[in-house]
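Asker: Data file entry-v3.txt (compact mmCIF, C-alpha atoms) is appended below.
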# COMPACT_ATOMS: atom_id res chain seq x y z
CA MET A 1 -5.74 -12.25 27.11
CA SER A 2 -4.30 -15.79 27.03
CA ASN A 3 -2.60 -15.46 23.63
CA THR A 4 -2.02 -11.69 23.80
CA VAL A 5 1.71 -10.99 23.98
CA ILE A 6 1.64 -7.17 23.73
CA HIS A 7 -1.05 -5.00 25.30
CA VAL A 8 -0.70 -1.22 24.97
CA ASP A 9 -3.19 1.01 26.75
CA ASN A 10 -3.33 4.83 26.39
CA LEU A 11 0.41 5.05 25.79
CA GLY A 12 1.98 8.51 25.68
CA LYS A 13 5.54 9.78 25.42
CA LYS A 14 6.31 13.45 26.04
CA TYR A 15 9.52 15.31 25.33
CA VAL A 16 10.35 18.87 26.40
CA LEU A 17 11.95 20.78 23.54
CA SER A 18 14.24 23.69 24.26
CA HIS A 19 14.36 26.71 21.97
CA GLN A 20 17.13 29.28 22.03
CA GLN A 21 15.87 32.82 22.52
CA GLU A 22 16.50 34.87 19.41
CA ASN A 23 17.59 38.47 19.41
CA SER A 24 16.58 40.70 16.52
CA VAL A 25 20.26 41.24 15.73
CA TYR A 26 21.96 38.03 16.78
CA HIS A 27 21.50 34.79 18.73
CA ARG A 28 22.62 35.38 22.29
CA TYR A 29 25.74 33.46 23.21
CA LYS A 30 25.43 31.58 26.52
CA ALA A 31 28.69 31.74 28.47
CA LEU A 32 29.81 29.61 31.41
CA ARG A 33 28.87 32.38 33.87
CA ASP A 34 25.30 32.26 32.53
CA VAL A 35 25.11 28.51 33.09
CA ILE A 36 26.40 28.90 36.68
CA ALA A 37 24.00 31.78 37.36
CA ASP A 38 21.01 29.84 35.99
CA GLY A 39 21.98 26.81 38.09
CA ALA A 40 22.25 28.89 41.26
CA LYS A 41 18.91 30.53 40.53
CA SER A 42 17.23 27.17 40.00
CA LEU A 43 18.71 25.78 43.23
CA THR A 44 17.57 28.83 45.20
CA GLN A 45 14.02 28.48 43.89
CA LYS A 46 13.95 24.82 44.92
CA ILE A 47 15.10 25.66 48.45
CA ILE A 48 12.75 28.60 48.94
CA LYS A 49 9.70 27.07 47.22
CA PRO A 50 10.30 23.30 47.11
CA ALA A 51 6.64 22.48 46.48
CA ALA A 52 6.12 25.05 43.77
CA LYS A 53 4.78 23.64 40.53
CA LYS A 54 7.27 23.76 37.70
CA VAL A 55 6.17 26.14 34.99
CA LEU A 56 7.65 25.94 31.49
CA ASP A 57 9.34 29.15 30.44
CA SER A 58 9.16 30.75 27.03
CA GLN A 59 12.21 28.76 25.86
CA THR A 60 10.63 25.31 26.19
CA GLU A 61 7.82 23.45 24.47
CA GLU A 62 6.05 20.16 25.15
CA PHE A 63 6.05 17.66 22.29
CA TRP A 64 4.04 14.44 22.43
CA ALA A 65 5.81 11.88 20.21
CA LEU A 66 3.08 9.38 21.16
CA ASN A 67 -0.37 10.33 22.40
CA ASP A 68 -3.13 7.95 23.56
CA VAL A 69 -1.88 4.91 21.60
CA SER A 70 -3.72 1.64 22.29
CA PHE A 71 -3.62 -1.77 20.60
CA GLU A 72 -3.23 -5.50 21.23
CA ILE A 73 -1.02 -8.00 19.41
CA LYS A 74 -1.59 -11.75 19.51
CA GLN A 75 1.06 -14.43 19.54
CA GLY A 76 2.33 -15.31 16.04
CA GLU A 77 1.10 -12.10 14.40
CA ALA A 78 3.32 -10.15 11.99
CA ILE A 79 2.36 -6.49 12.38
CA GLY A 80 3.51 -3.64 10.17
CA VAL A 81 3.99 -0.15 11.59
CA ILE A 82 3.95 2.61 8.97
CA GLY A 83 3.67 6.38 8.86
CA ARG A 84 5.47 9.49 7.71
CA ASN A 85 8.78 10.60 9.20
CA GLY A 86 8.10 11.96 12.69
CA ALA A 87 4.86 10.00 13.10
CA GLY A 88 6.18 8.23 16.22
CA LYS A 89 7.17 4.82 14.81
CA SER A 90 10.69 4.65 16.24
CA THR A 91 9.54 6.10 19.57
CA LEU A 92 6.90 3.39 19.84
CA LEU A 93 9.45 0.65 19.20
CA LYS A 94 11.90 2.14 21.72
CA VAL A 95 9.19 2.21 24.38
CA LEU A 96 8.19 -1.39 23.61
CA SER A 97 11.86 -2.40 23.74
CA ARG A 98 12.23 -0.74 27.19
CA ILE A 99 14.90 1.62 25.87
CA THR A 100 12.87 4.60 27.08
CA GLU A 101 10.01 4.86 29.55
CA PRO A 102 6.52 6.06 28.61
CA THR A 103 5.18 9.28 30.09
CA THR A 104 1.62 7.98 30.41
CA GLY A 105 -0.19 4.72 29.82
CA ARG A 106 0.58 1.08 30.39
CA ILE A 107 2.40 -1.67 28.45
CA ALA A 108 2.16 -5.39 29.18
CA ILE A 109 4.59 -7.66 27.30
CA LYS A 110 4.70 -11.43 27.68
CA GLY A 111 7.90 -13.02 26.43
CA ARG A 112 11.48 -12.22 25.53
CA VAL A 113 11.97 -9.23 23.19
CA ALA A 114 14.76 -8.86 20.61
CA SER A 115 15.11 -5.43 18.98
CA LEU A 116 16.94 -4.31 15.87
CA LEU A 117 16.44 -0.55 15.86
CA GLU A 118 19.76 0.92 14.75
CA VAL A 119 22.87 -0.32 12.96
CA GLY A 120 25.11 -1.95 15.58
CA THR A 121 22.53 -2.00 18.37
CA GLY A 122 23.79 -4.25 21.16
CA PHE A 123 27.25 -4.67 19.63
CA HIS A 124 30.55 -3.64 21.17
CA ALA A 125 32.76 -2.08 18.52
CA GLU A 126 36.01 -3.44 19.97
CA LEU A 127 34.78 -7.06 20.13
CA THR A 128 34.87 -9.47 17.20
CA GLY A 129 31.83 -10.78 15.41
CA ARG A 130 32.17 -14.09 17.25
CA GLU A 131 32.33 -12.38 20.65
CA ASN A 132 29.39 -10.12 19.84
CA ILE A 133 27.21 -13.12 18.99
CA TYR A 134 27.75 -14.45 22.51
CA LEU A 135 27.33 -10.97 24.01
CA ASN A 136 24.08 -10.32 22.17
CA GLY A 137 22.77 -13.75 23.05
CA SER A 138 23.52 -13.16 26.71
CA VAL A 139 21.66 -9.84 26.59
CA LEU A 140 18.67 -11.70 25.19
CA GLY A 141 18.83 -14.12 28.12
CA MET A 142 20.26 -17.10 26.24
CA SER A 143 22.66 -19.55 27.87
CA LYS A 144 26.06 -20.29 26.37
CA VAL A 145 24.86 -23.77 25.39
CA GLU A 146 21.85 -22.34 23.53
CA ILE A 147 24.02 -19.79 21.70
CA ARG A 148 26.56 -22.43 20.71
CA LYS A 149 23.75 -24.60 19.34
CA LYS A 150 22.58 -21.80 17.02
CA PHE A 151 26.05 -20.39 16.27
CA ASP A 152 26.61 -22.05 12.88
CA GLU A 153 23.14 -21.06 11.63
CA ILE A 154 23.73 -17.44 12.66
CA VAL A 155 27.07 -17.23 10.87
CA ALA A 156 25.79 -18.97 7.73
CA PHE A 157 22.76 -16.65 7.48
CA ALA A 158 24.83 -13.50 8.04
CA GLU A 159 27.46 -14.60 5.47
CA VAL A 160 30.33 -13.11 7.49
CA GLU A 161 32.43 -16.27 8.04
CA LYS A 162 35.53 -14.61 6.62
CA PHE A 163 35.31 -11.70 9.06
CA LEU A 164 34.06 -13.55 12.14
CA ASP A 165 37.21 -12.85 14.17
CA THR A 166 37.52 -9.22 13.02
CA PRO A 167 36.43 -6.40 15.39
CA VAL A 168 33.02 -5.20 14.28
CA LYS A 169 34.24 -1.58 14.23
CA ARG A 170 35.81 -2.53 10.90
CA TYR A 171 32.50 -3.88 9.52
CA SER A 172 30.52 -1.99 6.93
CA SER A 173 26.98 -0.92 7.89
CA GLY A 174 25.63 -3.75 5.72
CA MET A 175 27.76 -6.35 7.54
CA TYR A 176 26.61 -4.90 10.88
CA VAL A 177 22.99 -5.38 9.88
CA ARG A 178 23.59 -8.89 8.51
CA LEU A 179 25.06 -10.11 11.78
CA ALA A 180 22.70 -8.18 14.06
CA PHE A 181 19.57 -9.43 12.27
CA SER A 182 20.89 -12.98 12.15
CA VAL A 183 21.51 -12.98 15.92
CA ALA A 184 18.10 -11.45 16.67
CA ALA A 185 16.22 -13.88 14.38
CA HIS A 186 17.99 -17.10 15.35
CA LEU A 187 18.23 -16.81 19.13
CA GLU A 188 14.49 -17.49 19.45
CA PRO A 189 12.99 -14.41 21.10
CA GLU A 190 9.22 -14.57 21.51
CA ILE A 191 8.91 -11.04 20.07
CA LEU A 192 11.09 -9.62 17.28
CA ILE A 193 11.07 -5.85 16.72
CA VAL A 194 12.70 -4.59 13.51
CA ASP A 195 13.00 -0.96 12.45
CA GLU A 196 13.91 0.46 9.03
CA VAL A 197 17.52 -0.62 9.66
CA LEU A 198 17.14 -3.47 7.13
CA ALA A 199 17.17 -0.86 4.35
CA VAL A 200 20.94 -0.64 4.85
CA GLY A 201 21.37 -4.16 3.44
CA ASP A 202 21.40 -5.03 -0.23
CA SER A 203 18.24 -6.16 -2.02
CA ALA A 204 19.17 -9.86 -1.89
CA PHE A 205 19.70 -9.73 1.87
CA GLN A 206 16.47 -7.76 2.40
CA LYS A 207 14.59 -10.49 0.53
CA LYS A 208 16.33 -13.10 2.66
CA CYS A 209 15.38 -11.26 5.87
CA LEU A 210 11.73 -10.96 4.83
CA GLY A 211 11.65 -14.68 4.14
CA LYS A 212 13.17 -15.43 7.53
CA MET A 213 10.72 -13.13 9.33
CA GLY A 214 7.86 -14.81 7.48
CA ASP A 215 9.08 -18.21 8.68
CA VAL A 216 9.53 -16.91 12.23
CA ALA A 217 5.91 -15.72 12.33
CA THR A 218 4.11 -18.50 10.43
CA LYS A 219 6.16 -21.62 11.19
CA GLU A 220 7.61 -20.83 14.60
CA GLY A 221 4.63 -18.89 15.97
CA ARG A 222 6.61 -15.88 17.16
CA THR A 223 5.48 -12.25 17.00
CA ILE A 224 7.00 -9.60 14.73
CA LEU A 225 6.71 -5.81 14.68
CA PHE A 226 8.13 -4.47 11.45
CA VAL A 227 8.66 -0.78 10.60
CA SER A 228 9.40 0.08 6.98
CA HIS A 229 8.82 2.74 4.35
CA SER A 230 8.77 0.00 1.71
CA MET A 231 5.11 -0.76 1.14
CA GLN A 232 6.03 -3.81 -0.92
CA ALA A 233 7.93 -5.29 2.04
CA ILE A 234 5.07 -4.44 4.42
CA ALA A 235 2.55 -6.07 2.06
CA GLN A 236 4.69 -9.19 1.66
CA LEU A 237 5.18 -9.81 5.38
CA THR A 238 2.05 -8.56 7.14
CA LYS A 239 -1.72 -8.83 6.96
CA ARG A 240 -2.37 -6.28 9.69
CA CYS A 241 -0.85 -2.82 9.86
CA ILE A 242 -0.83 0.08 12.31
CA LEU A 243 -0.73 3.50 10.64
CA LEU A 244 0.62 6.27 12.87
CA SER A 245 0.11 9.97 12.27
CA LYS A 246 1.42 12.73 14.57
CA GLY A 247 1.85 10.28 17.42
CA LYS A 248 -1.64 8.79 17.20
CA VAL A 249 -3.09 5.63 15.67
CA GLU A 250 -4.82 6.74 12.49
CA PHE A 251 -5.73 3.21 11.39
CA ASP A 252 -5.28 -0.32 12.72
CA GLY A 253 -6.42 -3.14 10.47
CA ASN A 254 -6.02 -4.71 7.04
CA THR A 255 -2.64 -3.97 5.47
CA GLY A 256 -4.15 -3.13 2.09
CA LYS A 257 -6.36 -0.41 3.53
CA ALA A 258 -3.52 0.92 5.70
CA VAL A 259 -1.18 1.18 2.72
CA GLN A 260 -3.85 2.94 0.69
CA LEU A 261 -4.37 5.52 3.45
CA TYR A 262 -0.61 5.99 3.85
CA LEU A 263 -0.04 6.53 0.13
CA ALA A 264 -2.97 8.92 -0.13
CA GLY A 265 -1.69 10.91 2.83
CA ASN A 266 1.77 11.26 1.31
CA GLN A 267 0.60 12.75 -1.95
CA ASP A 268 0.16 16.44 -2.58
CA GLU A 269 -2.82 17.71 -4.54
CA ALA A 270 -0.97 17.74 -7.86
CA LEU A 271 -0.05 14.11 -7.46
CA ARG A 272 -3.46 13.03 -6.23
CA SER A 273 -5.15 14.34 -9.36
CA ALA A 274 -2.85 12.23 -11.61
CA TYR A 275 -3.35 15.04 -14.12
CA TYR A 276 -1.20 16.94 -16.63
CA GLN A 277 -2.16 20.28 -18.19
CA ALA A 278 -0.20 21.75 -21.13
CA PRO A 279 0.85 25.42 -21.00
CA THR A 280 -1.65 27.72 -22.68
CA SER A 281 1.08 29.18 -24.86
CA LYS A 282 1.49 25.99 -26.88
CA SER A 283 0.45 25.83 -30.53
CA GLY A 284 0.46 23.30 -33.35
CA ASN A 285 -0.02 19.58 -32.67
CA TYR A 286 0.43 18.66 -29.01
CA VAL A 287 -1.10 16.89 -25.97
CA ALA A 288 -3.43 19.41 -24.30
CA TRP A 289 -3.90 17.37 -21.14
CA ALA A 290 -3.55 13.84 -19.78
CA LYS A 291 -5.39 12.13 -16.95
CA VAL A 292 -5.27 8.75 -15.18
CA HIS A 293 -8.59 7.47 -13.81
CA THR A 294 -7.47 5.17 -10.98
CA SER A 295 -9.73 2.68 -9.24
CA GLU A 296 -9.45 4.30 -5.79
CA GLY A 297 -9.21 7.92 -6.92
CA GLN A 298 -6.64 10.47 -5.72
CA GLY A 299 -3.91 8.82 -7.80
CA ILE A 300 -4.22 5.45 -6.00
CA HIS A 301 -4.90 2.30 -8.03
CA CYS A 302 -5.70 -1.13 -6.63
CA TRP A 303 -3.89 -4.07 -8.19
CA GLY A 304 -5.85 -5.99 -10.82
CA LYS A 305 -8.71 -3.49 -11.16
CA PRO A 306 -9.68 -1.56 -14.34
CA ILE A 307 -7.81 1.65 -15.08
CA THR A 308 -8.31 4.31 -17.77
CA PHE A 309 -5.73 6.59 -19.36
CA GLU A 310 -7.17 9.64 -21.10
CA PHE A 311 -5.42 12.13 -23.39
CA ALA A 312 -6.66 15.27 -25.13
CA ILE A 313 -4.80 15.92 -28.38
CA GLN A 314 -4.82 19.37 -29.92
CA VAL A 315 -4.40 19.15 -33.71
CA ALA A 316 -3.77 22.27 -35.80
CA GLN A 317 -2.30 20.51 -38.87
CA PRO A 318 -4.04 17.15 -39.44
CA HIS A 319 -2.02 14.51 -41.27
CA GLU A 320 -2.70 10.87 -42.18
CA SER A 321 0.57 9.73 -40.56
CA LEU A 322 -0.04 11.27 -37.12
CA TRP A 323 0.81 8.70 -34.48
CA PHE A 324 0.29 8.61 -30.70
CA SER A 325 1.66 6.23 -28.06
CA PHE A 326 2.36 6.22 -24.34
CA GLN A 327 4.36 4.19 -21.86
CA ILE A 328 4.05 3.28 -18.17
CA VAL A 329 7.37 3.86 -16.36
CA ASN A 330 8.25 2.73 -12.83
CA ALA A 331 10.02 4.70 -10.08
CA LEU A 332 13.42 3.47 -11.33
CA GLU A 333 12.64 5.03 -14.73
CA GLN A 334 12.32 1.58 -16.30
CA PRO A 335 9.65 1.19 -19.03
CA ILE A 336 7.07 -1.41 -18.05
CA CYS A 337 4.59 -1.50 -20.93
CA ILE A 338 3.81 0.54 -24.04
CA PHE A 339 0.54 1.30 -25.84
CA TRP A 340 0.18 2.38 -29.48
CA PHE A 341 -2.86 4.04 -31.01
CA TYR A 342 -2.89 3.05 -34.69
CA GLU A 343 -6.54 3.41 -35.82
CA PRO A 344 -6.27 4.36 -39.54
CA GLN A 345 -9.57 6.28 -39.53
CA ALA A 346 -8.82 8.38 -36.45
CA PRO A 347 -10.55 11.77 -36.89
CA PHE A 348 -7.47 13.80 -35.86
CA ARG A 349 -5.76 12.55 -39.03
CA ARG A 350 -8.40 14.25 -41.20
CA GLU A 351 -9.49 17.42 -39.40
CA SER A 352 -8.21 19.95 -36.87
CA GLY A 353 -9.54 20.42 -33.36
CA THR A 354 -9.29 18.83 -29.91
CA PHE A 355 -9.70 15.06 -29.71
CA ILE A 356 -9.85 12.80 -26.65
CA ILE A 357 -8.16 9.41 -26.80
CA ARG A 358 -9.10 6.99 -24.06
CA CYS A 359 -7.32 3.71 -23.25
CA GLU A 360 -9.14 1.33 -20.89
CA ILE A 361 -7.28 -1.63 -19.35
CA PRO A 362 -9.63 -4.20 -17.77
CA LYS A 363 -6.98 -5.56 -15.37
CA LEU A 364 -3.77 -3.69 -14.61
CA ARG A 365 -1.35 -5.95 -12.70
CA LEU A 366 1.77 -4.10 -11.64
CA TYR A 367 3.95 -4.38 -8.57
CA MET A 368 3.14 -2.00 -5.74
CA GLY A 369 4.89 1.30 -6.22
CA SER A 370 4.90 4.63 -8.00
CA TYR A 371 4.49 5.01 -11.78
CA THR A 372 4.47 7.83 -14.32
CA LEU A 373 3.60 8.18 -18.00
CA THR A 374 5.72 9.02 -21.04
CA THR A 375 3.98 10.05 -24.28
CA TRP A 376 5.02 10.37 -27.91
CA PHE A 377 3.12 12.36 -30.54
CA SER A 378 4.74 12.19 -33.97
CA GLU A 379 4.43 12.06 -37.75
CA ARG A 380 5.57 8.62 -38.75
CA ARG A 381 5.99 9.27 -42.48
CA SER A 382 8.46 12.12 -41.99
CA GLU A 383 9.78 10.59 -38.73
CA THR A 384 9.18 13.91 -36.96
CA LEU A 385 8.67 13.87 -33.20
CA LEU A 386 6.09 16.56 -32.45
CA GLU A 387 6.08 16.16 -28.67
CA ASN A 388 7.59 13.87 -26.03
CA LEU A 389 6.29 14.26 -22.45
CA ARG A 390 8.02 12.52 -19.54
CA ASP A 391 7.21 11.96 -15.85
CA ILE A 392 3.59 13.08 -16.06
CA CYS A 393 0.47 11.80 -14.26
CA GLU A 394 2.16 10.02 -11.35
CA PHE A 395 0.02 7.34 -9.70
CA GLU A 396 0.49 4.63 -7.06
CA VAL A 397 -0.40 0.94 -7.28
CA SER A 398 -1.47 -0.72 -4.03
CA MET A 399 -3.08 -4.05 -3.19
CA HIS A 400 -6.12 -5.15 -1.19
CA ASP A 401 -5.94 -8.90 -1.83
CA PHE A 402 -2.47 -9.78 -0.57
CA GLU A 403 -2.98 -13.54 -0.88
CA ARG A 404 -2.82 -13.12 -4.67
CA ALA A 405 0.56 -11.42 -4.53
CA GLU A 406 2.28 -14.33 -6.26
CA TYR A 407 0.26 -13.60 -9.41
CA GLN A 408 1.75 -10.13 -9.83
CA TRP A 409 3.84 -9.47 -12.87
CA GLN A 410 6.15 -6.77 -14.01
CA ALA A 411 7.87 -6.99 -17.37
CA ASN A 412 11.64 -6.75 -17.55
CA GLU A 413 11.26 -5.37 -21.05
CA CYS A 414 8.73 -3.04 -22.57
CA THR A 415 5.51 -4.94 -23.37
CA TYR A 416 2.43 -4.25 -25.48
CA LEU A 417 -0.88 -5.17 -23.82
CA GLU A 418 -3.32 -6.49 -26.39
CA ASP A 419 -6.35 -6.39 -24.10
CA ALA A 420 -6.28 -2.59 -23.89
CA ILE A 421 -9.39 -0.94 -25.31
CA TRP A 422 -8.88 2.29 -27.29
CA LYS A 423 -11.58 4.86 -27.97
CA THR A 424 -11.57 8.19 -29.77
CA ILE A 425 -14.04 10.91 -28.80
If you convert what's in this file into structure tokens, what do you get?
Answerer:
Amino acid sequence: MSNTVIHVDNLGKKYVLSHQQENSVYHRYKALRDVIADGAKSLTQKIIKPAAKKVLDSQTEEFWALNDVSFEIKQGEAIGVIGRNGAGKSTLLKVLSRITEPTTGRIAIKGRVASLLEVGTGFHAELTGRENIYLNGSVLGMSKVEIRKKFDEIVAFAEVEKFLDTPVKRYSSGMYVRLAFSVAAHLEPEILIVDEVLAVGDSAFQKKCLGKMGDVATKEGRTILFVSHSMQAIAQLTKRCILLSKGKVEFDGNTGKAVQLYLAGNQDEALRSAYYQAPTSKSGNYVAWAKVHTSEGQGIHCWGKPITFEFAIQVAQPHESLWFSFQIVNALEQPICIFWFYEPQAPFRRESGTFIIRCEIPKLRLYMGSYTLTTWFSERRSETLLENLRDICEFEVSMHDFERAEYQWQANECTYLEDAIWKTI
């Protein structure tokens, strides 16, 4: 326990949800007299039966945002917290930040905690940026001398020198986040808790923040809890990740495995199959189906491992100039790489039928993220496009070996990979 800074044991947080009773014709309107009557009734019941156990009525429901959550975090660890919306991530951070109390369980925290959970947290809208730096520092337990010592670094990192003496109520959300993160990161808390709020900033500032958090954890030996829906950011900053699902810890361990489980859980069955099927009403020359054979299955591919793209081509009118190609496209609809099938003796150029074209790539190195395929089936001689499919066979790229992240590549322009192996069946 000597170097354990956060110990969470059987943590639970319960909320009581109220539901309005619904009439078959209309929702009943609750007037002031109803509120007074209900209050008098409740007071009478407390006086007559003070020891009676409270029973939830039909209008209320218990909801456990966190349920039996346990983990330990060592000093200097950078921990990612991921999960779907409503999984309990923000509730966990609020409990750890002492914003709300747990219903059950125990938390032991050793050290000063700085939290960045919402835009403008800890700021007073009427005060200037300069005054809020001192206010926030005081909340974190820093002396005026300590704050003054770090003041120039905070302002330089936040890049708000021009607006330092402007009330923060006139700041944009991005400026809020810049200053709030800068204060939290530079005033030397032992534990830094950051929610998805960084997504408000621009991409350059997000990159800057990730670099700073990396330095805080590795060089300064402080602890970081980082919540994000950006798996690339989680992979860059952390080696250990806690995956939450419905208020419980589904997985706690290697970030690569956690990301893989998260991505698989977020995909519906159509996406997991990474499969496209043409309508049965089609005729002529067209792509009958397309399939991506990913290394992990269920539409999840691990960085740097072999991958196979398979296409079934239905040919009714064979022609010597038939041409097929496909492209990998990222989530921003940017083409990443293109593949051409140009075998002169391809059988679908000489006879009709269904033919399978398979493209095997020994090592596919793409950034983490979501990708789709675009295909072209055409007659080159007459320059006739027979079929153009877009946004088919979506698949995700994840990583297991995060120490090799610097060797990733992603082309800015469309690229042809010469090591792809084509086969016709």
Asker: Quick one: of A:Tyr286, A:Arg170, A:Gln345, A:Leu261, who's nearest to Ser245 in chain A, counting all atoms listed in the file?
Answerer: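 Using all atoms listed in the file, Ser245 in chain A sits closest to A:Leu261.
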Asker: Which distance in Å separates CA of Gly129 in chain A and CA of Thr166 in chain A, to one decimal?
Answerer: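 These atoms are spaced 6.4 Å apart.
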Asker: Would you compute the distance between CA of Val35 in chain A and CA of Thr60 in chain A? Give it in Å to one decimal.
Answerer: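 It comes out at 16.4 Å.
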Asker: Excluding range 305-307 of chain A and its own-chain neighbours fewer than 3 positions away, which residues fall within 12 Å of it when counting all atoms listed in the file? Please give them as JSON, numbers by chain.
Answerer: {"A": [291, 292, 293, 294, 295, 296, 297, 299, 300, 301, 302, 310, 358, 359, 360, 361, 362, 363, 364, 365, 366, 395, 396, 397, 398, 399, 400, 401, 419, 420, 421]}
Asker: Which protein, DNA or RNA residues are at most 9 Å from (9.8, 1.9, 18.7) in the file's coordinates when you count all atoms listed in the file, listed as a ChimeraX atom specification?
Answerer: /A:88-97,99,117,193-195,227
Asker: Okay, now the selection with C-alpha atoms, as a PDB file, in the coordinates of the input?
Answerer:
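What follows is the written file selection-v7.pdb:
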ATOM      1  CA  GLY A  88       6.180   8.230  16.220  1.00  0.00           C
ATOM      2  CA  LYS A  89       7.170   4.820  14.810  1.00  0.00           C
ATOM      3  CA  SER A  90      10.690   4.650  16.240  1.00  0.00           C
ATOM      4  CA  THR A  91       9.540   6.100  19.570  1.00  0.00           C
ATOM      5  CA  LEU A  92       6.900   3.390  19.840  1.00  0.00           C
ATOM      6  CA  LEU A  93       9.450   0.650  19.200  1.00  0.00           C
ATOM      7  CA  LYS A  94      11.900   2.140  21.720  1.00  0.00           C
ATOM      8  CA  VAL A  95       9.190   2.210  24.380  1.00  0.00           C
ATOM      9  CA  LEU A  96       8.190  -1.390  23.610  1.00  0.00           C
ATOM     10  CA  SER A  97      11.860  -2.400  23.740  1.00  0.00           C
ATOM     11  CA  ILE A  99      14.900   1.620  25.870  1.00  0.00           C
ATOM     12  CA  LEU A 117      16.440  -0.550  15.860  1.00  0.00           C
ATOM     13  CA  ILE A 193      11.070  -5.850  16.720  1.00  0.00           C
ATOM     14  CA  VAL A 194      12.700  -4.590  13.510  1.00  0.00           C
ATOM     15  CA  ASP A 195      13.000  -0.960  12.450  1.00  0.00           C
ATOM     16  CA  VAL A 227       8.660  -0.780  10.600  1.00  0.00           C
TER      17      VAL A 227
END
Asker: Find the spatial neighbours of range 172-184 of chain A, counting all atoms listed in the file, within a cut-off of 10 Å - ignore same-chain residues fewer than 2 positions away - and output them as an MDAnalysis selection string.
Answerer: chainID A and resid 113:116 118:123 129:130 132:134 136:137 140 147 150:151 153:160 163:164 168:170 186:189 191:194 197:202 205:206 209 212
Asker: Using only C-alpha atoms, pick whichever of A:Thr4, A:Thr375, A:Ser352, A:Thr128 has the shortest atom-to-atom distance to Lys162 in chain A.
Answerer: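 Using only C-alpha atoms, the shortest distance to Lys162 in chain A belongs to A:Thr128.
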Asker: Given the choices A:Val81, A:Ala37, A:Ala278, A:Ala290, which gets closest to Cys393 in chain A if the distance is worked out from all atoms listed in the file?
Answerer: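 Of A:Val81, A:Ala37, A:Ala278, A:Ala290, the one nearest Cys393 in chain A is A:Ala290, counting all atoms listed in the file.
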Asker: Extract range 138-150 of chain A from the coordinates I pasted, and write it as a tab-separated table (two decimals), in the first residue's frame (atoms kept: N, CA and C atoms).
Answerer:
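Saved the output as part10.tsv:
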chain	number	residue	atom	x	y	z
A	138	SER	N	-5.80	28.42	-5.01
A	138	SER	CA	-6.15	28.40	-3.59
A	138	SER	C	-7.04	27.21	-3.26
A	139	VAL	N	-7.98	26.91	-4.17
A	139	VAL	CA	-8.85	25.75	-3.97
A	139	VAL	C	-8.04	24.46	-3.92
A	140	LEU	N	-6.97	24.42	-4.71
A	140	LEU	CA	-6.11	23.24	-4.74
A	140	LEU	C	-5.14	23.20	-3.56
A	141	GLY	N	-5.18	24.23	-2.71
A	141	GLY	CA	-4.33	24.24	-1.53
A	141	GLY	C	-2.97	24.85	-1.74
A	142	MET	N	-2.80	25.62	-2.82
A	142	MET	CA	-1.52	26.24	-3.11
A	142	MET	C	-1.43	27.61	-2.41
A	143	SER	N	-0.23	27.98	-2.01
A	143	SER	CA	-0.03	29.30	-1.43
A	143	SER	C	0.12	30.33	-2.54
A	144	LYS	N	-0.01	31.60	-2.18
A	144	LYS	CA	0.11	32.66	-3.18
A	144	LYS	C	1.49	32.68	-3.80
A	145	VAL	N	2.50	32.37	-3.00
A	145	VAL	CA	3.89	32.33	-3.50
A	145	VAL	C	4.05	31.22	-4.54
A	146	GLU	N	3.48	30.05	-4.26
A	146	GLU	CA	3.56	28.92	-5.20
A	146	GLU	C	2.84	29.24	-6.51
A	147	ILE	N	1.67	29.88	-6.40
A	147	ILE	CA	0.91	30.22	-7.61
A	147	ILE	C	1.68	31.23	-8.45
A	148	ARG	N	2.25	32.24	-7.78
A	148	ARG	CA	2.99	33.27	-8.49
A	148	ARG	C	4.20	32.67	-9.22
A	149	LYS	N	4.80	31.68	-8.61
A	149	LYS	CA	5.97	31.02	-9.21
A	149	LYS	C	5.61	30.32	-10.51
A	150	LYS	N	4.41	29.75	-10.58
A	150	LYS	CA	3.96	29.00	-11.76
A	150	LYS	C	3.13	29.86	-12.73
